[in-house]
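Beneath this line is the structure, given in structure tokens, with notes to follow.
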Amino acid sequence: MTLRFTVTGMTCAACSARVEKVSRQVPGVEKAEVNLLAGTMVVTAGEDVSAEIIKAVQAAGYNAAIQGEKPKKSEPANNLLAEMKTRIIGSFLCLAVLMYFTMGHMIGLPVPSWYHGTQNALVAALLQFFLTLPVIFLNRVYYSRGLKALWHRSPNMDSLIAVGSLAALIYGVAALFRMAWAMGHGEWDIVTQYSENLYFESAAMILTLITLGKYLETRAKGKTGDAIRALMDLSPKTASVRRGDTVQDIPVEQVQVGDTVIVRSGGSIPVDGTIIKGRASIDQSALTGESVPVEKTVGDRVAAATVNREGYLEFRADQVGENTTLAQVIRMVEEAGGSKAPIARLADKIAGVFVPVVMAIAAITFAVWMLLGYSLEFSLTNAISVLVISCPCALGLATPVAIMVGTGRGAQMGVLFKNAQALENLHRVDTVVLDKTGTLTTGCPAVTDILPGRAGERRLMQIAAALECRSEHPFAKAILRSMGGNAYPQPTDFETLPGRGVSALVNGVRYYGGNERLMKELGIPLPDLSSLAKQGKTPLHFASESKEYLGSIAAADILKPDSKAAVEALLAKHLDVVMLTGDNRQTAEAIAAEAGITHVISDVLPTDKAGAIQKLQAEGHKVLMVGDGINDAPALVTADVGMAIGAGTDIAIESADVVLMNGSLSSVSSAVALSKATIRNIKQNLFWAFFYNCLGIPIAAGVLYLPFGMSLSPMLGAAAMSVSSVFVVTNALRLRFFKQEQSPTCKESCPKSEEIIIKEETNMETVIKVEGMMCGHCKARVEKVCKAVPGTMDAVVDLEAKTVTVTGTADVAALKQAITEADYTVVE
């Protein structure tokens with residue numbers, strides 16, 4: 001079972017490593033992963049051992065609670081920032097006065113006479129001590145946490161700060177007593193020696209600079225969750241629900257499954273559901289990343305957080321609360337951001353021993369300089385510098401901040417990574433396997449060719465629509481869709497001819513429609529249409545009872561508008577693109593050629609798709625499988641990374657590691673690019689963390705002192721430590737500006753881009769006066785038939801003005817004819 005905890009008190013990678021270690025030691029625990037950034041831990045155990053884990057974590061010096069419950073001493077981020085801001089202001093005020101007295105004279109600032117001179121040395125020392133005490137008190141949290149962790153034998157970053165600043169403070173207090181003794185015995189040389197090496201300002205400066213760095217780091221880390229917070233803010237707080245004869249505005253939490261929800265133009269959809277009345281243009285960009293609104297009508301599904309840009313809807317609530325698509329997306333992004341990528345394992349291993357090693361290096365540094373005959377002050381300074389310059393924070397933040405920002409940016413683009421491992425593995429793939437039906441193609445046949453015989457094109461389509469209007473065959477539906485709103489006669493005496501086609505009386509004449517076998521039975525000769533089969537198209541033939549060949553209509557499962565551009569984008573990344581399908585070789589190669597794919601695996605049974613993936617893997621390829629159907633699920637699981645089209649089946653989405661919410665293949669290339677950018681960012685962060693410590697610790701220890709006379713003061717070490725953590729977080733935040741890719745040829749193949757170009761180049765509007773429109777149904781009907789006319793980009797009806805405004809290059813005569821055939825009157 002999976003147990004989730006919230007853990008507080010962790011400040012660095014050493015903390016998270018300690019929490020993981022003690023949790024794994026609990027009997028029954030198989031695996032424990034801590035996310036330092038999110039303050040969470042996911043434990044896999046054979047049974048519920050929550051109480052034992054919480055007890056073990058508390059014994060290690062931290063606080064834990066089952067996720068959803070409030071952990072001890074937990075503080076909201078805003079309260080934490082406000083508290084840190086107060087500490088910074090107070091610390092800087094005291095530090096400014098302290099620095100004025102200790103270093104002001106170096107730059108010519110006036111200092112009171114009672115402060116200078118050997119006789120006043122003890123007064124000056126006491127003043128510095130009392131100015132340092134408020135800084136110590138304001139930042140006492142480092143001592144309480146750091147010394148507690150040290151007591152539990154799990155030292156962390158706070159332990160380094162506490163030991164370093166406390167060493168400087170204790171040395172300063174010891175110097176006070178030494179000066180007081182020396183003054184009483186007239187040892188003025190000793191007084192002078194100690195008055196020049198008190199280190200009170202070092203202790204105050206270390207604490208102040210580190211608190212400033214932690215404040216900047218906390219603010220920056222807060223921005224890593226912006227994507228999740230933006231998603232949470234999308235859902236409206238109230239919903240209009242029809243209950244009985246009244247419409248009530250209620251909190252969205254009170255909407256129940258089965259309620260009838262009303263959304264007017266401009267409103268946000270509060271829950272998932274199915275439209276039962278009305279039509280609207282829905283902006284789904286919040287969930288899918290696709291900016292072009294989608295037309296929805298009765299029977300279509302709508303999702304929470306999408307926006308009704310234009311129209312009126314009533315829909316039945318199907319999923320509410322935690323079951324909505326939005327809630328699932330938020331949960332998936334949170335889980336992915338909280339998971340660990342394999343690349344983080346090296347950092348975790350080092351973090352587990354980092355702080356003890358640093359403390360050992362500090363002790364060795366002190367001992368070596370003392371043995372070499374240098375002063376106590378010099379040896380102590382170098383040891384303190386080693387303690388405060390080391391930065392386990394940068395090491396611990398290197399991976400989780402980039403993962404959280406990367407997965408959040410992916411969600412904004414409509415690309416959902418289920419875990420950090422998928423995000424990392426995706427950047428390694430060299431082969432992309434694409435399912436054909438529903439992935440490369442629309443999965444819905446469309447009319448591609450109209451080949452008239454004895455009948456004209458219009459008459460052929462009318463007879464075909466009349467014959468097919470009662471058929472459930474996918475090609476029949478393709479013919480009806482191609483008719484748009486155009487009228488056709490109603491058939492009588494309809495008859496299904498199994499395995500061959502259909503027959504019916506149309507205007508008193510019997511017509512036949514079907515395959516080549518039916519035409520042979522009727523004795524009707526057909527023209528040579530073999531070229532259609534080579535193109536992956538299937539022809540349907542039509543004839544009359546008088547053995548007259550009327551013509552043929554070809555249909556095919558056509559490519560999605562952006563498939564060709566998506567394939568080109570993948571090829572441009574030097575990825576091998578493979579099409580995997582159960583279709584016959586001829587049809588598969590025709591579709592592949594149109595998409596620009598040269599490697600085709602066809603005639604594959606659903607049960608054999610996983611085997612095809614394994615064969616590619618055996619050849620040494622890292623495989624990304626993209627699919628949408630139930631038959632793709634085994635292949636999605638088998639592949640190194642499985643990617644499901646969001647419009648596909650639930651089982652395919654469950655089996656995948658990555659989900660494309662917008663159902664567009666163009667997002668595959670963007671997902672790969674985002675994965676590469678995130679891993680590159682992680683490597684940059686890890687390099688900086690390792691490079692910083694490998695360079696900083698030796699310099700702080702004094703390796704440059706003997707050859708060059710250069711040493712690093714604790715104050716500079718503290719500043720460098722703070723800068724290191726802020727650098728790592730800021731570098732990760734650059735991923736928020738990752739731009740979705742677009743193929744150069746997308747303008748030729750993507751409807752969205754094409755629509756924009758046409759509007760920019762022509763922007764032609766035709767206003768037609770129409771009589772007979774009375775209601776919203778009339779409005780929808782006229783808009784529909786106008787949009788079906790070739791060249792129409794948009795059509796908007798104004799019922800009050802009795803007009804329809806058509807945008808695009810559609811022929812005016814064709815528009816008038818379409819409106820007239822829909823039983824409305826064109827006035828002008």
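Note on naming: chains are A, B, ... as they come in the structure tokens, residues start from 1 per chain, ligands start from 1 in the order shown.
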What lies within 12 Å of His427 of chain A using only C-alpha atoms, ignoring chain neighbours under 2 positions off, as a PyMOL selection string? chain A and resi 420-425+429-432+573+575+622-624+640-641+668-680
To one decimal in Å, tell me the separation between atom CA of Tyr512 of chain A and atom CA of Ser544 of chain A.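 Interatomic distance, atom CA of Tyr512 of chain A to atom CA of Ser544 of chain A: 6.1 Å.
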Rank A:Thr807, A:Asn197, A:Gln614, A:Thr306 by their smallest atom-to-atom distance to Leu380 of chain A, using only C-alpha atoms, and report the top residue only.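 Using only C-alpha atoms, the shortest distance to Leu380 of chain A belongs to A:Asn197.
Using only C-alpha atoms, the protein and nucleic acid residues lying no more than 6 Å from segment 406-409 of chain A, apart from those fewer than 2 places from it along its own chain, are Ala227, Ala402, Ile403, Met404, Ala411, Gln412, Thr678 and Arg736 of chain A.
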Prev. selection, C-alpha atoms, output as a tab-separated table (two decimals), in the first residue's frame:
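This went into out16.tsv:
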```tsv
chain	number	residue	atom	x	y	z
A	227	ALA	CA	1.29	26.22	-12.32
A	402	ALA	CA	13.32	21.58	-11.87
A	403	ILE	CA	10.92	18.60	-11.77
A	404	MET	CA	8.15	20.67	-10.18
A	411	ALA	CA	0.42	20.84	-17.60
A	412	GLN	CA	-0.02	24.35	-18.99
A	678	THR	CA	14.21	19.87	-17.77
A	736	ARG	CA	8.42	28.47	-16.77
```
Within 10 Å of Gly172 of chain A, counting only C-alpha atoms, which residues qualify if same-chain residues fewer than 3 places away don't, as a ChimeraX atom specification? /A:125-126,128-129,166-169,175-178,194-195,197-203
Using only N, CA and C atoms, please write the residues we just selected to a file, as a tab-separated table (two decimals), in the first residue's frame.
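To be explicit, this is the file written out as again-v9.tsv:
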```
chain	number	residue	atom	x	y	z
A	125	ALA	N	34.01	46.19	23.14
A	125	ALA	CA	33.70	44.76	23.01
A	125	ALA	C	32.31	44.44	23.55
A	126	LEU	N	31.97	45.04	24.70
A	126	LEU	CA	30.63	44.82	25.27
A	126	LEU	C	29.54	45.36	24.36
A	128	GLN	N	29.66	45.61	21.06
A	128	GLN	CA	29.52	44.65	19.96
A	128	GLN	C	28.74	43.41	20.41
A	129	PHE	N	29.03	42.95	21.62
A	129	PHE	CA	28.35	41.75	22.14
A	129	PHE	C	26.85	41.99	22.27
A	166	LEU	N	28.03	29.83	16.36
A	166	LEU	CA	28.21	29.66	17.81
A	166	LEU	C	29.70	29.64	18.17
A	167	ALA	N	30.51	29.06	17.28
A	167	ALA	CA	31.95	29.06	17.52
A	167	ALA	C	32.49	30.48	17.56
A	168	ALA	N	32.02	31.32	16.61
A	168	ALA	CA	32.46	32.72	16.59
A	168	ALA	C	31.98	33.46	17.83
A	169	LEU	N	30.74	33.19	18.26
A	169	LEU	CA	30.17	33.86	19.43
A	169	LEU	C	30.91	33.44	20.70
A	175	ALA	N	36.94	35.93	24.62
A	175	ALA	CA	37.84	37.08	24.47
A	175	ALA	C	37.47	38.19	25.44
A	176	LEU	N	36.16	38.37	25.70
A	176	LEU	CA	35.71	39.37	26.67
A	176	LEU	C	36.32	39.10	28.05
A	177	PHE	N	36.20	37.85	28.50
A	177	PHE	CA	36.75	37.49	29.81
A	177	PHE	C	38.28	37.65	29.84
A	178	ARG	N	38.90	37.29	28.73
A	178	ARG	CA	40.36	37.39	28.66
A	178	ARG	C	40.78	38.87	28.73
A	194	TYR	N	43.21	40.95	21.63
A	194	TYR	CA	41.85	40.40	21.57
A	194	TYR	C	40.82	41.42	21.08
A	195	SER	N	41.06	42.70	21.33
A	195	SER	CA	40.10	43.71	20.88
A	195	SER	C	40.02	43.78	19.35
A	197	ASN	N	40.30	41.08	17.40
A	197	ASN	CA	39.85	39.79	16.87
A	197	ASN	C	38.69	39.24	17.72
A	198	LEU	N	37.56	39.96	17.69
A	198	LEU	CA	36.43	39.56	18.53
A	198	LEU	C	35.44	38.63	17.79
A	199	TYR	N	35.22	38.84	16.51
A	199	TYR	CA	34.37	37.99	15.66
A	199	TYR	C	32.87	38.08	15.97
A	200	PHE	N	32.45	39.07	16.78
A	200	PHE	CA	31.01	39.22	17.01
A	200	PHE	C	30.29	39.58	15.72
A	201	GLU	N	30.93	40.49	14.93
A	201	GLU	CA	30.28	40.89	13.67
A	201	GLU	C	30.20	39.73	12.68
A	202	SER	N	31.15	38.77	12.77
A	202	SER	CA	31.10	37.61	11.89
A	202	SER	C	29.87	36.75	12.21
A	203	ALA	N	29.64	36.53	13.51
A	203	ALA	CA	28.48	35.73	13.92
A	203	ALA	C	27.18	36.39	13.46
```
Nearest-residue call for Phe687 of chain A, choices A:Ser724, A:Ala303, A:Pro342, A:Leu451, using only C-alpha atoms: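 Nearest candidate to Phe687 of chain A out of A:Ser724, A:Ala303, A:Pro342, A:Leu451: A:Ser724.
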Just want the 9 Å neighbourhood of Gly438 of chain A, counted on only C-alpha atoms, with same-chain residues fewer than 2 positions away dropped. Output as a ChimeraX atom specification. /A:435-436,440-444,557,560,627-629,645,647-648
Output file for the residues above (N, CA, C and O atoms, as a compact mmCIF listing (two decimals), in the first residue's frame):
```
# COMPACT_ATOMS: atom_id res chain seq x y z
N ASP A 435 0.75 4.74 -33.20
CA ASP A 435 -0.42 3.98 -33.63
C ASP A 435 -1.08 4.76 -34.76
O ASP A 435 -0.95 5.98 -34.85
N LYS A 436 -1.79 4.06 -35.65
CA LYS A 436 -2.40 4.77 -36.79
C LYS A 436 -3.78 5.33 -36.43
O LYS A 436 -3.97 6.54 -36.35
N LEU A 440 -2.48 8.93 -35.49
CA LEU A 440 -2.08 9.64 -36.71
C LEU A 440 -3.30 10.12 -37.47
O LEU A 440 -3.30 11.21 -38.05
N THR A 441 -4.34 9.28 -37.49
CA THR A 441 -5.56 9.62 -38.24
C THR A 441 -6.65 10.06 -37.27
O THR A 441 -6.51 9.92 -36.06
N THR A 442 -7.73 10.54 -37.84
CA THR A 442 -8.83 11.03 -37.01
C THR A 442 -9.57 9.90 -36.31
O THR A 442 -10.25 10.13 -35.32
N GLY A 443 -9.47 8.67 -36.87
CA GLY A 443 -10.22 7.55 -36.33
C GLY A 443 -11.67 7.57 -36.74
O GLY A 443 -12.48 6.77 -36.31
N CYS A 444 -11.98 8.51 -37.63
CA CYS A 444 -13.36 8.69 -38.08
C CYS A 444 -13.31 8.89 -39.60
O CYS A 444 -12.81 9.92 -40.06
N ASP A 557 -10.03 6.80 -43.54
CA ASP A 557 -9.66 7.36 -42.25
C ASP A 557 -8.48 8.31 -42.51
O ASP A 557 -7.34 7.85 -42.67
N LYS A 560 -4.93 13.32 -39.26
CA LYS A 560 -5.28 14.53 -38.51
C LYS A 560 -4.57 15.71 -39.16
O LYS A 560 -3.50 15.55 -39.76
N GLY A 627 -0.24 6.07 -28.40
CA GLY A 627 -1.47 5.40 -28.81
C GLY A 627 -2.67 5.93 -28.08
O GLY A 627 -2.56 6.78 -27.20
N ASP A 628 -3.85 5.41 -28.45
CA ASP A 628 -5.07 5.91 -27.83
C ASP A 628 -6.11 4.84 -27.54
O ASP A 628 -7.11 5.12 -26.89
N GLY A 629 -5.93 3.62 -28.02
CA GLY A 629 -6.97 2.61 -27.89
C GLY A 629 -6.67 1.56 -26.86
O GLY A 629 -5.56 1.46 -26.32
N ILE A 645 -2.93 9.58 -26.04
CA ILE A 645 -3.69 10.73 -26.51
C ILE A 645 -4.86 10.93 -25.56
O ILE A 645 -5.61 9.99 -25.28
N ALA A 647 -7.73 12.13 -25.76
CA ALA A 647 -9.07 11.85 -26.23
C ALA A 647 -9.33 10.35 -26.32
O ALA A 647 -10.41 9.93 -26.69
N GLY A 648 -8.32 9.54 -25.98
CA GLY A 648 -8.44 8.09 -26.11
C GLY A 648 -9.17 7.45 -24.96
O GLY A 648 -9.84 8.09 -24.16
```
Selection: 10 Å around segment 179-184 of chain A, only C-alpha atoms, excl. self and same-chain fewer than 3 positions, as a ChimeraX atom specification: /A:118-119,121-122,125,173-176,187-195
At a cut-off of 7 Å, using only C-alpha atoms, what residues contact Lys237 of chain A? Leave out same-chain residues fewer than 2 positions from it and give the result as a PyMOL selection string. chain A and resi 235+251-252
Among segment 112-332 of chain A, which ones does DSSP place in strand (DSSP E), written as a PyMOL selection string? chain A and resi 238-243+246-251+260-263+272-283+294-296+301-302+307-319
Where in segment 35-257 of chain A does DSSP assign helix (DSSP H, G or I), given as a PyMOL selection string? chain A and resi 50-59+77-107+113-115+118-138+141-151+157-184+188-195+200-224+226-232+252-254
From A:Thr607, A:Ser281, A:Gln462, A:Ser725, residue lying nearest Gly551 of chain A [only C-alpha atoms]: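 With only C-alpha atoms as the atom set, the closest residue is A:Gln462.
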With only C-alpha atoms as the atoms that count, which of A:Leu426, A:Leu570, A:Ala504, A:Ala590 lies nearest to Leu532 of chain A?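 Looking at the shortest contact to Leu532 of chain A, the residue is A:Ala590.
Between Leu735 of chain A and the residues A:Thr208, A:Ser50, A:Asn693, A:Asn681, the shortest atom-to-atom distance, using only C-alpha atoms, involves A:Asn681.
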Just checking: using only C-alpha atoms, which residue out of A:Gln617, A:Leu376, A:Leu505, A:Gln535 ends up closest to Arg585 of chain A? A:Gln535
Atomic separation - atom CA of Lys31 of chain A relative to atom CA of Ala45 of chain A, Å: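 Interatomic distance here is 7.0 Å.
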